[in-house]
$ cat query-v3.pdb   # PDB, C-alpha atoms
MODEL        1
ATOM      1  CA  MET J   1      74.705  40.136  98.497
ATOM      2  CA  TYR J   2      77.717  42.442  98.469
ATOM      3  CA  PHE J   3      79.383  44.264  95.626
ATOM      4  CA  ALA J   4      82.824  45.704  96.210
ATOM      5  CA  ALA J   5      85.307  47.389  93.921
ATOM      6  CA  LEU J   6      88.482  49.411  94.102
ATOM      7  CA  LEU J   7      88.913  52.530  91.983
ATOM      8  CA  ALA J   8      92.535  53.596  91.686
ATOM      9  CA  ARG J   9      93.304  57.030  90.251
ATOM     10  CA  THR J  10      96.011  57.130  87.610
ATOM     11  CA  GLU J  11      97.406  59.758  85.248
ATOM     12  CA  ASP J  12      94.973  58.484  82.607
ATOM     13  CA  GLY J  13      91.848  58.408  84.795
ATOM     14  CA  TRP J  14      90.546  55.594  86.955
ATOM     15  CA  GLU J  15      91.317  51.880  86.983
ATOM     16  CA  ALA J  16      88.809  49.536  88.573
ATOM     17  CA  SER J  17      89.328  46.130  90.074
ATOM     18  CA  ASP J  18      86.935  43.718  91.698
ATOM     19  CA  MET J  19      87.595  43.517  95.417
ATOM     20  CA  GLU J  20      87.549  39.948  96.702
ATOM     21  CA  LEU J  21      85.888  40.291 100.100
ATOM     22  CA  ASP J  22      86.591  36.664 101.045
ATOM     23  CA  ASP J  23      90.173  37.713 101.790
ATOM     24  CA  VAL J  24      89.103  40.692 103.931
ATOM     25  CA  GLU J  25      88.780  39.735 107.592
ATOM     26  CA  SER J  26      89.489  43.112 109.145
ATOM     27  CA  LEU J  27      89.525  46.793 108.310
ATOM     28  CA  SER J  28      93.335  46.586 108.160
ATOM     29  CA  ASP J  29      93.012  43.955 105.417
ATOM     30  CA  LEU J  30      90.718  46.268 103.462
ATOM     31  CA  ILE J  31      93.128  49.199 103.823
ATOM     32  CA  ASP J  32      96.092  47.014 102.777
ATOM     33  CA  LEU J  33      94.145  45.810  99.740
ATOM     34  CA  ALA J  34      93.343  49.400  98.759
ATOM     35  CA  ARG J  35      96.956  50.513  99.191
ATOM     36  CA  SER J  36      98.191  47.610  97.071
ATOM     37  CA  ALA J  37      95.916  48.774  94.227
ATOM     38  CA  ALA J  38      97.335  52.324  94.300
ATOM     39  CA  VAL J  39      99.332  53.611  91.375
ATOM     40  CA  ASP J  40     102.258  55.740  92.582
ATOM     41  CA  ASP J  41     100.624  56.224  96.019
ATOM     42  CA  ASP J  42      97.713  58.060  94.388
ATOM     43  CA  THR J  43      94.115  57.952  95.620
ATOM     44  CA  VAL J  44      92.217  54.677  95.878
ATOM     45  CA  VAL J  45      88.514  54.581  96.613
ATOM     46  CA  ALA J  46      87.054  51.327  97.921
ATOM     47  CA  LEU J  47      83.320  51.025  97.317
ATOM     48  CA  ILE J  48      81.198  48.452  99.146
ATOM     49  CA  GLU J  49      77.465  48.005  98.743
ATOM     50  CA  GLN J  50      75.020  45.569 100.258
ATOM     51  CA  GLU J  51      72.056  45.502  97.918
ATOM     52  CA  ASP J  52      70.062  48.669  98.560
ATOM     53  CA  ALA J  53      70.528  48.545 102.349
ATOM     54  CA  TRP J  54      73.756  50.566 102.649
ATOM     55  CA  PHE J  55      76.937  51.555 100.899
ATOM     56  CA  GLY J  56      80.359  52.429 102.218
ATOM     57  CA  VAL J  57      83.274  54.420 100.841
ATOM     58  CA  VAL J  58      86.845  54.124 102.042
ATOM     59  CA  ARG J  59      89.379  56.576 100.678
ATOM     60  CA  VAL J  60      93.091  55.884 100.906
ATOM     61  CA  ASP J  61      95.648  58.501  99.844
ATOM     62  CA  GLY J  62      99.141  57.010 100.057
ATOM     63  CA  GLU J  63     100.203  56.536 103.670
ATOM     64  CA  GLU J  64      97.736  59.088 105.077
ATOM     65  CA  ASP J  65      95.038  57.899 107.456
ATOM     66  CA  PRO J  66      92.111  56.419 105.545
ATOM     67  CA  ARG J  67      88.758  58.214 105.567
ATOM     68  CA  TYR J  68      85.386  56.505 105.744
ATOM     69  CA  PHE J  69      81.721  57.083 105.007
ATOM     70  CA  VAL J  70      78.745  54.766 105.516
ATOM     71  CA  SER J  71      75.311  55.672 104.141
ATOM     72  CA  ASN J  72      73.274  53.911 106.830
ATOM     73  CA  ALA J  73      75.278  52.985 109.903
ATOM     74  CA  ALA J  74      72.515  50.986 111.596
ATOM     75  CA  ALA J  75      72.023  48.764 108.540
ATOM     76  CA  ALA J  76      75.774  48.446 107.972
ATOM     77  CA  ALA J  77      76.407  47.476 111.598
ATOM     78  CA  ARG J  78      74.268  44.372 111.062
ATOM     79  CA  SER J  79      76.542  43.073 108.308
ATOM     80  CA  SER J  80      80.050  41.698 108.624
ATOM     81  CA  TYR J  81      81.803  44.169 106.332
ATOM     82  CA  GLY J  82      79.694  47.132 107.367
ATOM     83  CA  SER J  83      80.340  46.471 111.029
ATOM     84  CA  MET J  84      84.092  46.864 110.415
ATOM     85  CA  LEU J  85      83.436  50.380 109.133
ATOM     86  CA  THR J  86      80.921  51.382 111.792
ATOM     87  CA  LYS J  87      83.170  50.149 114.597
ATOM     88  CA  GLU J  88      86.001  52.293 113.233
ATOM     89  CA  LEU J  89      83.745  55.331 112.844
ATOM     90  CA  LEU J  90      82.306  54.952 116.341
ATOM     91  CA  GLY J  91      85.767  54.698 117.834
ATOM     92  CA  SER J  92      85.876  51.011 118.694
ATOM     93  CA  ASP J  93      89.513  50.056 119.149
ATOM     94  CA  GLU J  94      90.360  47.251 116.724
ATOM     95  CA  GLU J  95      93.219  46.037 118.922
ATOM     96  CA  ASP J  96      90.806  45.656 121.840
ATOM     97  CA  ASP J  97      88.485  43.606 119.624
ATOM     98  CA  GLU J  98      91.348  41.353 118.579
ATOM     99  CA  LEU J  99      92.400  40.896 122.204
ATOM    100  CA  ASP J 100      88.821  40.053 123.181
ATOM    101  CA  GLU J 101      88.840  37.262 120.599
ATOM    102  CA  LEU J 102      91.860  35.719 122.340
ATOM    103  CA  ASP J 103      89.665  35.094 125.405
ATOM    104  CA  LEU J 104      92.095  36.676 127.834
ATOM    105  CA  ASP J 105      90.262  36.737 131.141
ATOM    106  CA  GLY J 106      93.084  37.520 133.539
ATOM    107  CA  THR J 107      93.028  34.120 135.254
ATOM    108  CA  GLU J 108      95.897  31.702 135.521
ATOM    109  CA  ASP J 109      95.640  28.176 134.150
ATOM    110  CA  GLY J 110      93.562  26.057 136.489
ATOM    111  CA  GLU J 111      91.747  28.992 138.091
ATOM    112  CA  GLU J 112      88.029  29.235 137.771
ATOM    113  CA  GLU J 113      86.819  31.991 135.438
ATOM    114  CA  SER J 114      84.594  34.630 136.885
ATOM    115  CA  ILE J 115      81.445  35.323 134.928
ATOM    116  CA  ALA J 116      80.543  38.977 134.625
ATOM    117  CA  ALA J 117      76.854  39.623 134.789
ATOM    118  CA  PHE J 118      75.279  42.101 132.463
ATOM    119  CA  THR J 119      71.829  43.520 132.154
ATOM    120  CA  ASP J 120      69.495  43.674 129.169
ATOM    121  CA  GLU J 121      70.537  47.307 128.805
ATOM    122  CA  ASP J 122      74.068  46.101 127.986
ATOM    123  CA  ALA J 123      72.856  43.728 125.266
ATOM    124  CA  ASP J 124      72.650  44.505 121.573
ATOM    125  CA  GLU J 125      69.786  43.479 119.258
ATOM    126  CA  ASP J 126      71.006  39.887 119.164
ATOM    127  CA  GLY J 127      71.238  39.748 122.950
ATOM    128  CA  GLU J 128      75.021  39.923 122.931
ATOM    129  CA  ARG J 129      76.901  42.309 125.149
ATOM    130  CA  GLY J 130      78.862  45.037 123.422
ATOM    131  CA  ALA J 131      81.810  46.245 125.447
ATOM    132  CA  GLY J 132      81.227  49.947 125.908
ATOM    133  CA  SER J 133      79.341  50.097 122.665
ATOM    134  CA  GLU J 134      77.609  53.283 121.605
ATOM    135  CA  PRO J 135      74.244  53.204 119.889
ATOM    136  CA  VAL J 136      74.653  53.063 116.130
ATOM    137  CA  PRO J 137      72.873  55.950 114.388
ATOM    138  CA  ALA J 138      70.246  55.146 111.774
ATOM    139  CA  GLY J 139      71.662  57.221 108.952
ATOM    140  CA  PRO J 140      74.960  58.395 107.500
ATOM    141  CA  LEU J 141      78.158  58.153 109.509
ATOM    142  CA  GLY J 142      81.670  59.268 108.719
ATOM    143  CA  ASP J 143      83.244  61.951 106.557
ATOM    144  CA  PRO J 144      80.733  63.086 103.910
ATOM    145  CA  ARG J 145      83.416  65.354 102.391
ATOM    146  CA  LEU J 146      85.863  62.568 101.581
ATOM    147  CA  LEU J 147      85.112  62.786  97.840
ATOM    148  CA  ASP J 148      84.541  66.558  97.527
ATOM    149  CA  ASP J 149      87.791  67.171  95.645
ATOM    150  CA  LEU J 150      87.005  64.280  93.283
ATOM    151  CA  GLY J 151      83.635  65.645  92.157
ATOM    152  CA  VAL J 152      81.193  64.099  94.627
ATOM    153  CA  THR J 153      79.976  66.770  97.025
ATOM    154  CA  ASN J 154      79.018  66.001 100.589
ATOM    155  CA  LYS J 155      75.406  66.919  99.765
ATOM    156  CA  GLN J 156      75.377  64.392  96.904
ATOM    157  CA  LEU J 157      76.930  61.684  99.053
ATOM    158  CA  MET J 158      74.470  62.239 101.895
ATOM    159  CA  THR J 159      71.420  61.950  99.618
ATOM    160  CA  LEU J 160      72.421  58.973  97.461
ATOM    161  CA  ASP J 161      70.185  55.935  97.511
ATOM    162  CA  GLY J 162      69.406  53.070  95.168
ATOM    163  CA  ASP J 163      72.392  52.353  92.952
ATOM    164  CA  ALA J 164      74.697  54.747  94.804
ATOM    165  CA  LEU J 165      77.952  53.242  93.565
ATOM    166  CA  THR J 166      77.012  53.881  89.942
ATOM    167  CA  GLU J 167      76.176  57.493  90.781
ATOM    168  CA  ILE J 168      79.491  57.911  92.609
ATOM    169  CA  ALA J 169      81.378  56.379  89.681
ATOM    170  CA  GLU J 170      79.544  58.689  87.274
ATOM    171  CA  SER J 171      80.573  61.756  89.282
ATOM    172  CA  LEU J 172      84.176  60.498  89.391
ATOM    173  CA  GLY J 173      84.163  59.828  85.653
ATOM    174  CA  ALA J 174      84.670  56.114  86.278
ATOM    175  CA  THR J 175      81.339  54.632  85.174
ATOM    176  CA  GLU J 176      82.753  52.481  82.369
ATOM    177  CA  VAL J 177      85.574  51.009  84.430
ATOM    178  CA  LEU J 178      83.253  50.264  87.368
ATOM    179  CA  GLU J 179      80.688  48.581  85.114
ATOM    180  CA  ALA J 180      83.480  46.463  83.611
ATOM    181  CA  VAL J 181      84.098  44.805  86.982
ATOM    182  CA  ARG J 182      80.452  44.626  88.015
TER     183      ARG J 182
ENDMDL
END
$ encode --input "query-v3.pdb" --output "C-alpha cells"
Amino acid sequence: MYFAALLARTEDGWEASDMELDDVESLSDLIDLARSAAVDDDTVVALIEQEDAWFGVVRVDGEEDPRYFVSNAAAAARSSYGSMLTKELLGSDEEDDELDELDLDGTEDGEEESIAAFTDEDADEDGERGAGSEPVPAGPLGDPRLLDDLGVTNKQLMTLDGDALTEIAESLGATEVLEAVR
C-alpha cells in the first residue's frame, strides 16, 4: 500500500494535495505532476511511502533539476514507484529503458532474431537480466541534504523510520495539511 502527497510551498505556508499514482507511469510523469502543483514556480516536495518498507522524497524547484532521496533503495527497487527513483539515482538512462520496451533488436522484418545468452550473474532477484545494472544498496540513496534549507537536516532524514512522512511534514510545518489529505 502506497501513500503519496505533494506539498507545495506558498507565501502562506504549505498546501498539500493527494498524488494520484495511477496516472504516474514514469519519473517524468511524477516530475510533471509536481511542477503542475507549484505556486509561482516555488518548491514542491513529493512524498511517497510504501507502508514501513521505504519512503522517497522528490524535490522540485521551478525548472531546476529535481533532487531525490530514498530511505531504503533495496526495498524501493522492488516496488514499481520506488524502482523509478532508484533507477534515476543509480544512473539508469530512462530513454534507454523506453527504447528497450519498444523491442528494437536491430533486425529487419523477416530476419531471425538473435538470442543473447546471459549468465546467472547477469540476472536480478527475479531471474531477469538487468542491462548493465548496478547492485542496489540496502540503505539510503540520493541527496540527504535536499530538505536542509526547509528544516529537515540530512541527519534527520537519514535516521527516519516508521511514519517518516509525518515527521518530515512536522519539520516542514506542514503536519495539518498533510494529515488532511491522508
$ residues_around --input "query-v3.pdb" --residues "range 156-166 of chain J" --least-positions-apart "5" --cutoff "10 Å" --atoms "all atoms listed in the file" --output "ChimeraX atom specification"
/J:3-5,47-49,51-57,69-72,139-141,143-148,151,171-172,174-176,178-179
$ closest_residue --input "query-v3.pdb" --among "J:Gln50, J:Thr43, J:Ser36, J:Ser83" --to "Arg67 in chain J" --atoms "only C-alpha atoms"
J:Thr43
$ closest_residue --input "query-v3.pdb" --among "J:Met84, J:Ala16, J:Ala75, J:Ala138" --to "Ala46 in chain J" --atoms "only C-alpha atoms"
J:Ala16
$ closest_residue --input "query-v3.pdb" --among "J:Gly82, J:Pro137, J:Gly173, J:Gly62" --to "Tyr2 in chain J" --atoms "only C-alpha atoms"
J:Gly82
$ resolve_selection --input "query-v3.pdb" --expression "the PyMOL selection byres ((chain J and resi 11) around 12)" --output "ChimeraX atom specification"
/J:8-10,12-15,38-43
$ residues_around --input "query-v3.pdb" --residues "Ser17 in chain J" --least-positions-apart "4" --cutoff "7 Å" --atoms "all atoms listed in the file" --output "list of chain:residue names"
J:Ala5, J:Leu6, J:Leu7, J:Val181
$ atom_distance --input "query-v3.pdb" --atom1 "CA of Glu25 in chain J" --atom2 "CA of Glu63 in chain J"
20.7 Å
$ axis_aligned_box --input "query-v3.pdb" --around "range 2-10 of chain J" --padding-each-side "8 Å" --output "JSON"
{"center_x": 86.9, "center_y": 49.8, "center_z": 93.0, "size_x": 34.3, "size_y": 30.7, "size_z": 26.9}
$ atom_distance --input "query-v3.pdb" --atom1 "CA of Glu64 in chain J" --atom2 "CA of Ala77 in chain J"
25.1 Å
$ atom_distance --input "query-v3.pdb" --atom1 "CA of Asp65 in chain J" --atom2 "CA of Leu150 in chain J"
17.5 Å
